[in-house]
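J.: Please find data.pdb (PDB, C-alpha atoms) on the next line:
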```
ATOM      1  CA  MET P   1       0.000   0.000   0.000
ATOM      2  CA  SER P   2       1.411   3.382  -0.970
ATOM      3  CA  ASP P   3       1.523   6.466   1.228
ATOM      4  CA  SER P   4      -1.296   8.062  -0.756
ATOM      5  CA  ASP P   5      -3.511   4.988  -0.157
ATOM      6  CA  THR P   6      -2.851   5.265   3.538
ATOM      7  CA  GLN P   7      -3.766   8.940   3.521
ATOM      8  CA  THR P   8      -6.967   8.238   1.637
ATOM      9  CA  LEU P   9      -8.006   5.509   4.047
ATOM     10  CA  THR P  10      -7.213   7.701   7.025
ATOM     11  CA  ARG P  11      -9.304  10.542   5.643
ATOM     12  CA  GLU P  12     -12.207   8.206   4.899
ATOM     13  CA  LYS P  13     -12.036   6.685   8.354
ATOM     14  CA  THR P  14     -12.036  10.142   9.910
ATOM     15  CA  ALA P  15     -15.059  11.127   7.845
ATOM     16  CA  LEU P  16     -16.893   7.981   8.911
ATOM     17  CA  ASP P  17     -16.055   8.650  12.547
ATOM     18  CA  VAL P  18     -17.719  12.071  12.553
ATOM     19  CA  PRO P  19     -20.926  11.648  14.524
ATOM     20  CA  TRP P  20     -24.216  12.337  12.796
ATOM     21  CA  ASN P  21     -27.111  14.033  14.506
ATOM     22  CA  VAL P  22     -30.698  12.941  14.162
ATOM     23  CA  VAL P  23     -32.816  16.094  14.359
ATOM     24  CA  VAL P  24     -36.570  16.249  14.961
ATOM     25  CA  HIS P  25     -38.309  19.441  13.817
ATOM     26  CA  ASP P  26     -41.440  21.022  15.210
ATOM     27  CA  ASP P  27     -44.713  20.924  13.328
ATOM     28  CA  PRO P  28     -48.194  22.168  14.231
ATOM     29  CA  VAL P  29     -49.871  18.763  14.007
ATOM     30  CA  ASN P  30     -48.084  16.121  16.059
ATOM     31  CA  LEU P  31     -49.355  15.974  19.624
ATOM     32  CA  MET P  32     -46.777  16.432  22.374
ATOM     33  CA  GLY P  33     -47.735  13.168  24.038
ATOM     34  CA  TYR P  34     -47.311  11.361  20.749
ATOM     35  CA  VAL P  35     -43.837  12.795  20.104
ATOM     36  CA  THR P  36     -42.800  11.695  23.597
ATOM     37  CA  TRP P  37     -44.219   8.224  22.961
ATOM     38  CA  VAL P  38     -42.358   7.905  19.641
ATOM     39  CA  LEU P  39     -39.021   8.903  21.204
ATOM     40  CA  MET P  40     -39.542   6.309  23.943
ATOM     41  CA  LYS P  41     -40.473   3.646  21.405
ATOM     42  CA  VAL P  42     -37.751   4.295  18.814
ATOM     43  CA  PHE P  43     -34.812   4.987  21.160
ATOM     44  CA  GLY P  44     -35.957   3.279  24.336
ATOM     45  CA  TYR P  45     -35.561   6.542  26.241
ATOM     46  CA  PRO P  46     -37.149   6.849  29.674
ATOM     47  CA  GLU P  47     -40.253   9.038  29.671
ATOM     48  CA  ARG P  48     -38.515  11.925  31.409
ATOM     49  CA  LYS P  49     -35.749  12.196  28.795
ATOM     50  CA  ALA P  50     -38.200  11.753  25.919
ATOM     51  CA  ALA P  51     -40.437  14.487  27.342
ATOM     52  CA  GLN P  52     -37.447  16.845  27.714
ATOM     53  CA  LEU P  53     -36.470  16.328  24.076
ATOM     54  CA  MET P  54     -40.073  16.776  22.981
ATOM     55  CA  MET P  55     -40.267  20.084  24.865
ATOM     56  CA  GLN P  56     -37.058  21.199  23.164
ATOM     57  CA  VAL P  57     -38.661  20.461  19.797
ATOM     58  CA  HIS P  58     -41.770  22.362  20.848
ATOM     59  CA  THR P  59     -40.061  25.433  22.292
ATOM     60  CA  GLN P  60     -36.934  25.700  20.122
ATOM     61  CA  GLY P  61     -38.284  24.297  16.887
ATOM     62  CA  ARG P  62     -35.848  21.394  16.764
ATOM     63  CA  SER P  63     -33.929  18.989  18.912
ATOM     64  CA  ILE P  64     -30.981  16.671  18.375
ATOM     65  CA  VAL P  65     -32.497  13.451  19.638
ATOM     66  CA  TRP P  66     -29.581  11.145  18.939
ATOM     67  CA  SER P  67     -25.941  11.322  17.771
ATOM     68  CA  GLY P  68     -23.643   8.612  16.567
ATOM     69  CA  GLN P  69     -22.671   6.377  13.695
ATOM     70  CA  ARG P  70     -24.113   7.403  10.360
ATOM     71  CA  GLU P  71     -25.767   4.102   9.468
ATOM     72  CA  LYS P  72     -27.574   4.004  12.773
ATOM     73  CA  ALA P  73     -28.547   7.644  12.428
ATOM     74  CA  GLU P  74     -30.112   6.883   9.043
ATOM     75  CA  PHE P  75     -32.007   3.969  10.550
ATOM     76  CA  TYR P  76     -33.372   6.141  13.354
ATOM     77  CA  ALA P  77     -34.294   8.950  10.948
ATOM     78  CA  GLN P  78     -36.265   6.490   8.851
ATOM     79  CA  GLN P  79     -38.029   5.172  11.958
ATOM     80  CA  LEU P  80     -38.987   8.675  13.067
ATOM     81  CA  GLN P  81     -40.225   9.594   9.596
ATOM     82  CA  ALA P  82     -42.259   6.382   9.527
ATOM     83  CA  HIS P  83     -43.937   7.770  12.657
ATOM     84  CA  GLN P  84     -44.597  11.002  10.722
ATOM     85  CA  LEU P  85     -42.145  13.204  12.605
ATOM     86  CA  THR P  86     -40.266  15.694  10.427
ATOM     87  CA  THR P  87     -36.687  14.524  10.751
ATOM     88  CA  SER P  88     -33.321  15.338   9.243
ATOM     89  CA  LEU P  89     -29.709  14.250   9.520
ATOM     90  CA  GLU P  90     -26.705  16.501   9.940
ATOM     91  CA  LYS P  91     -23.022  16.066  10.603
ATOM     92  CA  SER P  92     -22.106  16.904  14.161
ATOM     93  CA  GLU P  93     -19.912  20.005  14.408
TER      94      GLU P  93
ATOM     95  CA  MET Z   1     -71.669   9.882  17.543
ATOM     96  CA  ASN Z   2     -70.748   7.982  20.674
ATOM     97  CA  LEU Z   3     -67.526   6.287  21.674
ATOM     98  CA  THR Z   4     -67.646   3.237  23.907
ATOM     99  CA  SER Z   5     -65.094   0.683  25.038
ATOM    100  CA  THR Z   6     -65.146  -2.950  24.008
ATOM    101  CA  ALA Z   7     -64.540  -5.785  26.462
ATOM    102  CA  ASP Z   8     -61.059  -6.397  25.057
ATOM    103  CA  GLY Z   9     -59.902  -2.787  25.318
ATOM    104  CA  GLY Z  10     -60.882  -1.585  21.867
ATOM    105  CA  ILE Z  11     -63.118   1.315  20.924
ATOM    106  CA  GLU Z  12     -66.445   1.413  19.143
ATOM    107  CA  LEU Z  13     -67.601   4.457  17.205
ATOM    108  CA  HIS Z  14     -71.385   4.463  17.090
ATOM    109  CA  LEU Z  15     -72.504   6.462  14.081
ATOM    110  CA  GLU Z  16     -76.102   7.625  13.821
ATOM    111  CA  HIS Z  17     -76.363   9.740  10.708
ATOM    112  CA  GLN Z  18     -75.011   9.943   7.193
ATOM    113  CA  ALA Z  19     -73.078  13.071   8.145
ATOM    114  CA  GLU Z  20     -71.231  11.100  10.813
ATOM    115  CA  TRP Z  21     -70.374   8.352   8.350
ATOM    116  CA  LEU Z  22     -69.097  10.959   5.944
ATOM    117  CA  MET Z  23     -66.981  12.490   8.680
ATOM    118  CA  VAL Z  24     -65.318   9.161   9.424
ATOM    119  CA  ALA Z  25     -64.902   8.323   5.735
ATOM    120  CA  SER Z  26     -63.257  11.727   5.272
ATOM    121  CA  ILE Z  27     -60.209  10.438   7.135
ATOM    122  CA  LEU Z  28     -59.278   8.473   4.023
ATOM    123  CA  HIS Z  29     -60.224  11.233   1.618
ATOM    124  CA  ASP Z  30     -58.180  13.832   3.487
ATOM    125  CA  ALA Z  31     -55.180  11.554   4.020
ATOM    126  CA  ASN Z  32     -55.058  10.777   0.295
ATOM    127  CA  ARG Z  33     -55.303  14.392  -0.772
ATOM    128  CA  PRO Z  34     -53.875  14.646  -4.320
ATOM    129  CA  GLY Z  35     -50.537  16.370  -4.496
ATOM    130  CA  PHE Z  36     -49.635  15.710  -0.871
ATOM    131  CA  ASP Z  37     -46.722  13.302  -0.429
ATOM    132  CA  LEU Z  38     -46.327  12.671   3.288
ATOM    133  CA  ALA Z  39     -43.150  10.621   2.854
ATOM    134  CA  ALA Z  40     -41.494  13.552   1.118
ATOM    135  CA  ALA Z  41     -42.964  16.017   3.614
ATOM    136  CA  VAL Z  42     -41.488  14.340   6.708
ATOM    137  CA  GLY Z  43     -38.097  14.287   4.980
ATOM    138  CA  ALA Z  44     -38.344  17.750   3.461
ATOM    139  CA  ARG Z  45     -35.587  19.086   5.712
ATOM    140  CA  MET Z  46     -33.194  16.695   3.990
ATOM    141  CA  ALA Z  47     -34.201  17.713   0.496
ATOM    142  CA  ASP Z  48     -31.288  20.082  -0.001
ATOM    143  CA  THR Z  49     -28.645  17.568   1.059
ATOM    144  CA  GLU Z  50     -26.520  15.412  -1.193
ATOM    145  CA  ASP Z  51     -28.139  12.294   0.295
ATOM    146  CA  TRP Z  52     -31.664  13.195  -0.770
ATOM    147  CA  GLU Z  53     -31.508  11.324  -4.076
ATOM    148  CA  ASP Z  54     -30.596   8.064  -2.338
ATOM    149  CA  TRP Z  55     -33.139   8.739   0.402
ATOM    150  CA  SER Z  56     -35.836   9.310  -2.197
ATOM    151  CA  GLU Z  57     -34.940   6.124  -4.003
ATOM    152  CA  TRP Z  58     -34.497   3.777  -1.051
ATOM    153  CA  VAL Z  59     -36.464   5.132   1.880
ATOM    154  CA  LEU Z  60     -39.471   7.016   0.538
ATOM    155  CA  PRO Z  61     -41.093   3.996  -1.153
ATOM    156  CA  ASP Z  62     -41.060   2.077   2.141
ATOM    157  CA  LEU Z  63     -42.498   5.062   3.981
ATOM    158  CA  ARG Z  64     -45.271   5.421   1.393
ATOM    159  CA  GLU Z  65     -46.154   1.750   1.676
ATOM    160  CA  GLY Z  66     -46.268   1.981   5.479
ATOM    161  CA  PHE Z  67     -48.549   5.006   5.333
ATOM    162  CA  GLN Z  68     -50.870   3.261   2.880
ATOM    163  CA  GLN Z  69     -51.034   0.234   5.183
ATOM    164  CA  HIS Z  70     -52.399   2.427   7.979
ATOM    165  CA  LEU Z  71     -55.089   3.700   5.624
ATOM    166  CA  ARG Z  72     -55.985   0.180   4.495
ATOM    167  CA  THR Z  73     -56.629  -0.806   8.121
ATOM    168  CA  VAL Z  74     -58.980   2.134   8.584
ATOM    169  CA  ALA Z  75     -60.706   1.556   5.235
ATOM    170  CA  ALA Z  76     -61.390  -2.087   6.102
ATOM    171  CA  ALA Z  77     -62.904  -1.159   9.479
ATOM    172  CA  ILE Z  78     -65.161   1.468   7.908
ATOM    173  CA  GLU Z  79     -66.244  -0.953   5.190
ATOM    174  CA  VAL Z  80     -67.228  -3.590   7.739
ATOM    175  CA  GLY Z  81     -69.081  -1.016   9.832
ATOM    176  CA  ALA Z  82     -70.938   0.358   6.850
ATOM    177  CA  GLN Z  83     -72.270  -2.933   5.533
ATOM    178  CA  GLN Z  84     -75.787  -1.601   5.880
ATOM    179  CA  GLY Z  85     -74.867   1.485   3.911
ATOM    180  CA  PHE Z  86     -73.749   4.926   4.950
ATOM    181  CA  ILE Z  87     -77.253   6.155   5.712
ATOM    182  CA  GLN Z  88     -78.071   3.822   8.597
ATOM    183  CA  PRO Z  89     -76.794   3.782  12.128
ATOM    184  CA  GLY Z  90     -73.791   1.524  12.525
ATOM    185  CA  THR Z  91     -70.629   0.852  14.453
ATOM    186  CA  VAL Z  92     -66.985   1.074  13.486
ATOM    187  CA  VAL Z  93     -64.784  -1.049  15.717
ATOM    188  CA  ILE Z  94     -61.191  -0.080  16.460
ATOM    189  CA  PRO Z  95     -59.490  -3.106  18.020
ATOM    190  CA  ARG Z  96     -56.742  -2.352  20.493
ATOM    191  CA  ASP Z  97     -54.068  -3.724  18.186
ATOM    192  CA  ALA Z  98     -55.210  -1.297  15.484
ATOM    193  CA  PHE Z  99     -54.912   1.831  17.647
ATOM    194  CA  PHE Z 100     -51.593   2.812  16.117
ATOM    195  CA  ASP Z 101     -52.819   2.356  12.532
ATOM    196  CA  TRP Z 102     -55.827   4.532  13.302
ATOM    197  CA  TYR Z 103     -53.737   7.154  15.062
ATOM    198  CA  ALA Z 104     -51.325   7.235  12.118
ATOM    199  CA  ALA Z 105     -54.131   7.489   9.540
ATOM    200  CA  LEU Z 106     -55.703  10.366  11.463
ATOM    201  CA  ASN Z 107     -52.297  12.021  11.619
ATOM    202  CA  GLN Z 108     -51.886  11.680   7.856
ATOM    203  CA  ALA Z 109     -55.259  13.327   7.365
ATOM    204  CA  ARG Z 110     -54.363  16.189   9.718
ATOM    205  CA  LEU Z 111     -50.935  16.709   8.137
ATOM    206  CA  ALA Z 112     -52.505  16.769   4.678
ATOM    207  CA  LEU Z 113     -55.097  19.332   5.784
ATOM    208  CA  GLU Z 114     -52.421  21.386   7.507
ATOM    209  CA  SER Z 115     -50.307  21.440   4.355
ATOM    210  CA  LYS Z 116     -53.248  22.804   2.386
ATOM    211  CA  TYR Z 117     -54.827  25.221   4.863
ATOM    212  CA  GLN Z 118     -52.032  26.107   7.338
ATOM    213  CA  PHE Z 119     -54.221  26.206  10.414
ATOM    214  CA  GLY Z 120     -51.202  26.420  12.696
ATOM    215  CA  GLN Z 121     -51.977  25.682  16.331
ATOM    216  CA  LYS Z 122     -55.204  27.656  16.419
ATOM    217  CA  SER Z 123     -58.051  25.860  18.113
ATOM    218  CA  ARG Z 124     -60.607  28.054  16.351
ATOM    219  CA  ILE Z 125     -60.704  29.309  12.805
ATOM    220  CA  GLU Z 126     -62.702  32.423  12.061
ATOM    221  CA  THR Z 127     -64.920  32.070   9.038
ATOM    222  CA  GLU Z 128     -66.208  35.252   7.479
ATOM    223  CA  ASP Z 129     -69.608  34.146   6.285
ATOM    224  CA  THR Z 130     -71.252  30.842   5.596
ATOM    225  CA  PRO Z 131     -69.250  27.685   6.194
ATOM    226  CA  THR Z 132     -66.191  27.639   3.975
ATOM    227  CA  LYS Z 133     -64.113  24.743   2.743
ATOM    228  CA  ARG Z 134     -61.403  25.896   5.104
ATOM    229  CA  GLY Z 135     -63.775  26.036   8.051
ATOM    230  CA  ALA Z 136     -65.115  22.582   7.264
ATOM    231  CA  ALA Z 137     -61.592  21.247   6.905
ATOM    232  CA  HIS Z 138     -60.672  22.742  10.271
ATOM    233  CA  PHE Z 139     -63.705  21.114  11.861
ATOM    234  CA  ARG Z 140     -62.632  17.729  10.470
ATOM    235  CA  SER Z 141     -59.088  18.296  11.650
ATOM    236  CA  GLN Z 142     -60.361  19.022  15.155
ATOM    237  CA  PHE Z 143     -62.480  15.875  15.046
ATOM    238  CA  TYR Z 144     -59.454  13.806  13.997
ATOM    239  CA  ASN Z 145     -57.469  15.467  16.777
ATOM    240  CA  PHE Z 146     -60.149  14.477  19.293
ATOM    241  CA  LEU Z 147     -59.996  10.834  18.183
ATOM    242  CA  GLN Z 148     -56.199  10.880  18.289
ATOM    243  CA  ALA Z 149     -56.169  12.233  21.834
ATOM    244  CA  HIS Z 150     -58.596   9.492  22.836
ATOM    245  CA  LEU Z 151     -56.401   6.791  21.273
ATOM    246  CA  LEU Z 152     -53.278   8.259  22.849
ATOM    247  CA  ASP Z 153     -54.925   8.301  26.274
ATOM    248  CA  ARG Z 154     -55.779   4.636  25.899
ATOM    249  CA  GLY Z 155     -52.213   3.779  24.866
ATOM    250  CA  LEU Z 156     -50.915   3.153  21.371
ATOM    251  CA  GLY Z 157     -49.230  -0.109  22.282
TER     252      GLY Z 157
END
```
Could the structure of this file be written out as C-alpha coordinates, please?
T.:
Amino acid sequence: MSDSDTQTLTREKTALDVPWNVVVHDDPVNLMGYVTWVLMKVFGYPERKAAQLMMQVHTQGRSIVWSGQREKAEFYAQQLQAHQLTTSLEKSE
Amino acid sequence: MNLTSTADGGIELHLEHQAEWLMVASILHDANRPGFDLAAAVGARMADTEDWEDWSEWVLPDLREGFQQHLRTVAAAIEVGAQQGFIQPGTVVIPRDAFFDWYAALNQARLALESKYQFGQKSRIETEDTPTKRGAAHFRSQFYNFLQAHLLDRGLG
(Lines of atoms letter the chains of each structure in order from A and count residues from 1; the text may use other names and numbers.)
(Lines give C-alpha, C1' and ligand atoms only; values in the text may rest on other atoms or scores of the structure.)
Protein backbone atom coordinates (compact mmCIF):
# COMPACT_ATOMS: atom_id res chain seq x y z
CA MET A 1 0.00 0.00 0.00
CA SER A 2 1.41 3.38 -0.97
CA ASP A 3 1.52 6.47 1.23
CA SER A 4 -1.30 8.06 -0.76
CA ASP A 5 -3.51 4.99 -0.16
CA THR A 6 -2.85 5.27 3.54
CA GLN A 7 -3.77 8.94 3.52
CA THR A 8 -6.97 8.24 1.64
CA LEU A 9 -8.01 5.51 4.05
CA THR A 10 -7.21 7.70 7.02
CA ARG A 11 -9.30 10.54 5.64
CA GLU A 12 -12.21 8.21 4.90
CA LYS A 13 -12.04 6.68 8.35
CA THR A 14 -12.04 10.14 9.91
CA ALA A 15 -15.06 11.13 7.84
CA LEU A 16 -16.89 7.98 8.91
CA ASP A 17 -16.06 8.65 12.55
CA VAL A 18 -17.72 12.07 12.55
CA PRO A 19 -20.93 11.65 14.52
CA TRP A 20 -24.22 12.34 12.80
CA ASN A 21 -27.11 14.03 14.51
CA VAL A 22 -30.70 12.94 14.16
CA VAL A 23 -32.82 16.09 14.36
CA VAL A 24 -36.57 16.25 14.96
CA HIS A 25 -38.31 19.44 13.82
CA ASP A 26 -41.44 21.02 15.21
CA ASP A 27 -44.71 20.92 13.33
CA PRO A 28 -48.19 22.17 14.23
CA VAL A 29 -49.87 18.76 14.01
CA ASN A 30 -48.08 16.12 16.06
CA LEU A 31 -49.35 15.97 19.62
CA MET A 32 -46.78 16.43 22.37
CA GLY A 33 -47.74 13.17 24.04
CA TYR A 34 -47.31 11.36 20.75
CA VAL A 35 -43.84 12.80 20.10
CA THR A 36 -42.80 11.69 23.60
CA TRP A 37 -44.22 8.22 22.96
CA VAL A 38 -42.36 7.91 19.64
CA LEU A 39 -39.02 8.90 21.20
CA MET A 40 -39.54 6.31 23.94
CA LYS A 41 -40.47 3.65 21.41
CA VAL A 42 -37.75 4.30 18.81
CA PHE A 43 -34.81 4.99 21.16
CA GLY A 44 -35.96 3.28 24.34
CA TYR A 45 -35.56 6.54 26.24
CA PRO A 46 -37.15 6.85 29.67
CA GLU A 47 -40.25 9.04 29.67
CA ARG A 48 -38.51 11.93 31.41
CA LYS A 49 -35.75 12.20 28.79
CA ALA A 50 -38.20 11.75 25.92
CA ALA A 51 -40.44 14.49 27.34
CA GLN A 52 -37.45 16.85 27.71
CA LEU A 53 -36.47 16.33 24.08
CA MET A 54 -40.07 16.78 22.98
CA MET A 55 -40.27 20.08 24.87
CA GLN A 56 -37.06 21.20 23.16
CA VAL A 57 -38.66 20.46 19.80
CA HIS A 58 -41.77 22.36 20.85
CA THR A 59 -40.06 25.43 22.29
CA GLN A 60 -36.93 25.70 20.12
CA GLY A 61 -38.28 24.30 16.89
CA ARG A 62 -35.85 21.39 16.76
CA SER A 63 -33.93 18.99 18.91
CA ILE A 64 -30.98 16.67 18.37
CA VAL A 65 -32.50 13.45 19.64
CA TRP A 66 -29.58 11.14 18.94
CA SER A 67 -25.94 11.32 17.77
CA GLY A 68 -23.64 8.61 16.57
CA GLN A 69 -22.67 6.38 13.69
CA ARG A 70 -24.11 7.40 10.36
CA GLU A 71 -25.77 4.10 9.47
CA LYS A 72 -27.57 4.00 12.77
CA ALA A 73 -28.55 7.64 12.43
CA GLU A 74 -30.11 6.88 9.04
CA PHE A 75 -32.01 3.97 10.55
CA TYR A 76 -33.37 6.14 13.35
CA ALA A 77 -34.29 8.95 10.95
CA GLN A 78 -36.27 6.49 8.85
CA GLN A 79 -38.03 5.17 11.96
CA LEU A 80 -38.99 8.67 13.07
CA GLN A 81 -40.23 9.59 9.60
CA ALA A 82 -42.26 6.38 9.53
CA HIS A 83 -43.94 7.77 12.66
CA GLN A 84 -44.60 11.00 10.72
CA LEU A 85 -42.15 13.20 12.61
CA THR A 86 -40.27 15.69 10.43
CA THR A 87 -36.69 14.52 10.75
CA SER A 88 -33.32 15.34 9.24
CA LEU A 89 -29.71 14.25 9.52
CA GLU A 90 -26.71 16.50 9.94
CA LYS A 91 -23.02 16.07 10.60
CA SER A 92 -22.11 16.90 14.16
CA GLU A 93 -19.91 20.01 14.41
CA MET B 1 -71.67 9.88 17.54
CA ASN B 2 -70.75 7.98 20.67
CA LEU B 3 -67.53 6.29 21.67
CA THR B 4 -67.65 3.24 23.91
CA SER B 5 -65.09 0.68 25.04
CA THR B 6 -65.15 -2.95 24.01
CA ALA B 7 -64.54 -5.78 26.46
CA ASP B 8 -61.06 -6.40 25.06
CA GLY B 9 -59.90 -2.79 25.32
CA GLY B 10 -60.88 -1.59 21.87
CA ILE B 11 -63.12 1.32 20.92
CA GLU B 12 -66.44 1.41 19.14
CA LEU B 13 -67.60 4.46 17.20
CA HIS B 14 -71.38 4.46 17.09
CA LEU B 15 -72.50 6.46 14.08
CA GLU B 16 -76.10 7.63 13.82
CA HIS B 17 -76.36 9.74 10.71
CA GLN B 18 -75.01 9.94 7.19
CA ALA B 19 -73.08 13.07 8.14
CA GLU B 20 -71.23 11.10 10.81
CA TRP B 21 -70.37 8.35 8.35
CA LEU B 22 -69.10 10.96 5.94
CA MET B 23 -66.98 12.49 8.68
CA VAL B 24 -65.32 9.16 9.42
CA ALA B 25 -64.90 8.32 5.73
CA SER B 26 -63.26 11.73 5.27
CA ILE B 27 -60.21 10.44 7.14
CA LEU B 28 -59.28 8.47 4.02
CA HIS B 29 -60.22 11.23 1.62
CA ASP B 30 -58.18 13.83 3.49
CA ALA B 31 -55.18 11.55 4.02
CA ASN B 32 -55.06 10.78 0.30
CA ARG B 33 -55.30 14.39 -0.77
CA PRO B 34 -53.88 14.65 -4.32
CA GLY B 35 -50.54 16.37 -4.50
CA PHE B 36 -49.63 15.71 -0.87
CA ASP B 37 -46.72 13.30 -0.43
CA LEU B 38 -46.33 12.67 3.29
CA ALA B 39 -43.15 10.62 2.85
CA ALA B 40 -41.49 13.55 1.12
CA ALA B 41 -42.96 16.02 3.61
CA VAL B 42 -41.49 14.34 6.71
CA GLY B 43 -38.10 14.29 4.98
CA ALA B 44 -38.34 17.75 3.46
CA ARG B 45 -35.59 19.09 5.71
CA MET B 46 -33.19 16.70 3.99
CA ALA B 47 -34.20 17.71 0.50
CA ASP B 48 -31.29 20.08 0.00
CA THR B 49 -28.65 17.57 1.06
CA GLU B 50 -26.52 15.41 -1.19
CA ASP B 51 -28.14 12.29 0.29
CA TRP B 52 -31.66 13.20 -0.77
CA GLU B 53 -31.51 11.32 -4.08
CA ASP B 54 -30.60 8.06 -2.34
CA TRP B 55 -33.14 8.74 0.40
CA SER B 56 -35.84 9.31 -2.20
CA GLU B 57 -34.94 6.12 -4.00
CA TRP B 58 -34.50 3.78 -1.05
CA VAL B 59 -36.46 5.13 1.88
CA LEU B 60 -39.47 7.02 0.54
CA PRO B 61 -41.09 4.00 -1.15
CA ASP B 62 -41.06 2.08 2.14
CA LEU B 63 -42.50 5.06 3.98
CA ARG B 64 -45.27 5.42 1.39
CA GLU B 65 -46.15 1.75 1.68
CA GLY B 66 -46.27 1.98 5.48
CA PHE B 67 -48.55 5.01 5.33
CA GLN B 68 -50.87 3.26 2.88
CA GLN B 69 -51.03 0.23 5.18
CA HIS B 70 -52.40 2.43 7.98
CA LEU B 71 -55.09 3.70 5.62
CA ARG B 72 -55.98 0.18 4.49
CA THR B 73 -56.63 -0.81 8.12
CA VAL B 74 -58.98 2.13 8.58
CA ALA B 75 -60.71 1.56 5.24
CA ALA B 76 -61.39 -2.09 6.10
CA ALA B 77 -62.90 -1.16 9.48
CA ILE B 78 -65.16 1.47 7.91
CA GLU B 79 -66.24 -0.95 5.19
CA VAL B 80 -67.23 -3.59 7.74
CA GLY B 81 -69.08 -1.02 9.83
CA ALA B 82 -70.94 0.36 6.85
CA GLN B 83 -72.27 -2.93 5.53
CA GLN B 84 -75.79 -1.60 5.88
CA GLY B 85 -74.87 1.48 3.91
CA PHE B 86 -73.75 4.93 4.95
CA ILE B 87 -77.25 6.15 5.71
CA GLN B 88 -78.07 3.82 8.60
CA PRO B 89 -76.79 3.78 12.13
CA GLY B 90 -73.79 1.52 12.53
CA THR B 91 -70.63 0.85 14.45
CA VAL B 92 -66.99 1.07 13.49
CA VAL B 93 -64.78 -1.05 15.72
CA ILE B 94 -61.19 -0.08 16.46
CA PRO B 95 -59.49 -3.11 18.02
CA ARG B 96 -56.74 -2.35 20.49
CA ASP B 97 -54.07 -3.72 18.19
CA ALA B 98 -55.21 -1.30 15.48
CA PHE B 99 -54.91 1.83 17.65
CA PHE B 100 -51.59 2.81 16.12
CA ASP B 101 -52.82 2.36 12.53
CA TRP B 102 -55.83 4.53 13.30
CA TYR B 103 -53.74 7.15 15.06
CA ALA B 104 -51.32 7.23 12.12
CA ALA B 105 -54.13 7.49 9.54
CA LEU B 106 -55.70 10.37 11.46
CA ASN B 107 -52.30 12.02 11.62
CA GLN B 108 -51.89 11.68 7.86
CA ALA B 109 -55.26 13.33 7.37
CA ARG B 110 -54.36 16.19 9.72
CA LEU B 111 -50.93 16.71 8.14
CA ALA B 112 -52.51 16.77 4.68
CA LEU B 113 -55.10 19.33 5.78
CA GLU B 114 -52.42 21.39 7.51
CA SER B 115 -50.31 21.44 4.36
CA LYS B 116 -53.25 22.80 2.39
CA TYR B 117 -54.83 25.22 4.86
CA GLN B 118 -52.03 26.11 7.34
CA PHE B 119 -54.22 26.21 10.41
CA GLY B 120 -51.20 26.42 12.70
CA GLN B 121 -51.98 25.68 16.33
CA LYS B 122 -55.20 27.66 16.42
CA SER B 123 -58.05 25.86 18.11
CA ARG B 124 -60.61 28.05 16.35
CA ILE B 125 -60.70 29.31 12.81
CA GLU B 126 -62.70 32.42 12.06
CA THR B 127 -64.92 32.07 9.04
CA GLU B 128 -66.21 35.25 7.48
CA ASP B 129 -69.61 34.15 6.29
CA THR B 130 -71.25 30.84 5.60
CA PRO B 131 -69.25 27.68 6.19
CA THR B 132 -66.19 27.64 3.98
CA LYS B 133 -64.11 24.74 2.74
CA ARG B 134 -61.40 25.90 5.10
CA GLY B 135 -63.77 26.04 8.05
CA ALA B 136 -65.11 22.58 7.26
CA ALA B 137 -61.59 21.25 6.90
CA HIS B 138 -60.67 22.74 10.27
CA PHE B 139 -63.70 21.11 11.86
CA ARG B 140 -62.63 17.73 10.47
CA SER B 141 -59.09 18.30 11.65
CA GLN B 142 -60.36 19.02 15.15
CA PHE B 143 -62.48 15.88 15.05
CA TYR B 144 -59.45 13.81 14.00
CA ASN B 145 -57.47 15.47 16.78
CA PHE B 146 -60.15 14.48 19.29
CA LEU B 147 -60.00 10.83 18.18
CA GLN B 148 -56.20 10.88 18.29
CA ALA B 149 -56.17 12.23 21.83
CA HIS B 150 -58.60 9.49 22.84
CA LEU B 151 -56.40 6.79 21.27
CA LEU B 152 -53.28 8.26 22.85
CA ASP B 153 -54.92 8.30 26.27
CA ARG B 154 -55.78 4.64 25.90
CA GLY B 155 -52.21 3.78 24.87
CA LEU B 156 -50.92 3.15 21.37
CA GLY B 157 -49.23 -0.11 22.28
J.: When the PyMOL selection byres ((chain Z and resi 16) around 6) is applied to the structure above, which residues does it catch, written out as a list in words?
T.: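 Written out, the selection comes to Leu15, His17 and Pro89 of chain Z.
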J.: Got a sec to resolve the PyMOL selection byres ((chain P and resi 74) around 10) on this structure and send the residues as a PyMOL selection string?
T.: (chain P and resi 20-22+69-73+75-80+88-89) or (chain Z and resi 55+59)
J.: For chain P, report every residue with an atom at most 9 Å from chain Z (counting only C-alpha atoms), formatted as a PyMOL selection string.
T.: chain P and resi 25+27-31+33-34+37+77-78+80-90
J.: Atom CA of P:Val35 to atom CA of Z:Tyr144: how many Å, to one decimal?
T.: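 Between atom CA of P:Val35 and atom CA of Z:Tyr144 the gap works out to 16.8 Å.
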J.: Can you list, as number ranges by chain, the residues that the PyMOL selection byres ((chain P and resi 55) around 12) selects here?
T.: P: 24-26, 31-36, 39, 48-54, 56-65
J.: Can you report as AutoDock Vina command-line options the centre and edge lengths in Å, to one decimal, of an axis-aligned box around the listed atoms of stretch 84-93 of chain P padded with 8 Å on each side?
T.:
```
--center_x -32.3 --center_y 15.5 --center_z 11.8 --size_x 40.7 --size_y 25.0 --size_z 21.2
```
J.: Would you mind reading off the distance between atom CA of Z:Ala19 and atom CA of Z:Ala7, one decimal, in Å?
T.: 27.6 Å
J.: What is the distance between atom CA of Z:Val92 and atom CA of Z:Gln68, in Å to one decimal?
T.: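 For atom CA of Z:Val92 relative to atom CA of Z:Gln68, the distance reads 19.4 Å.
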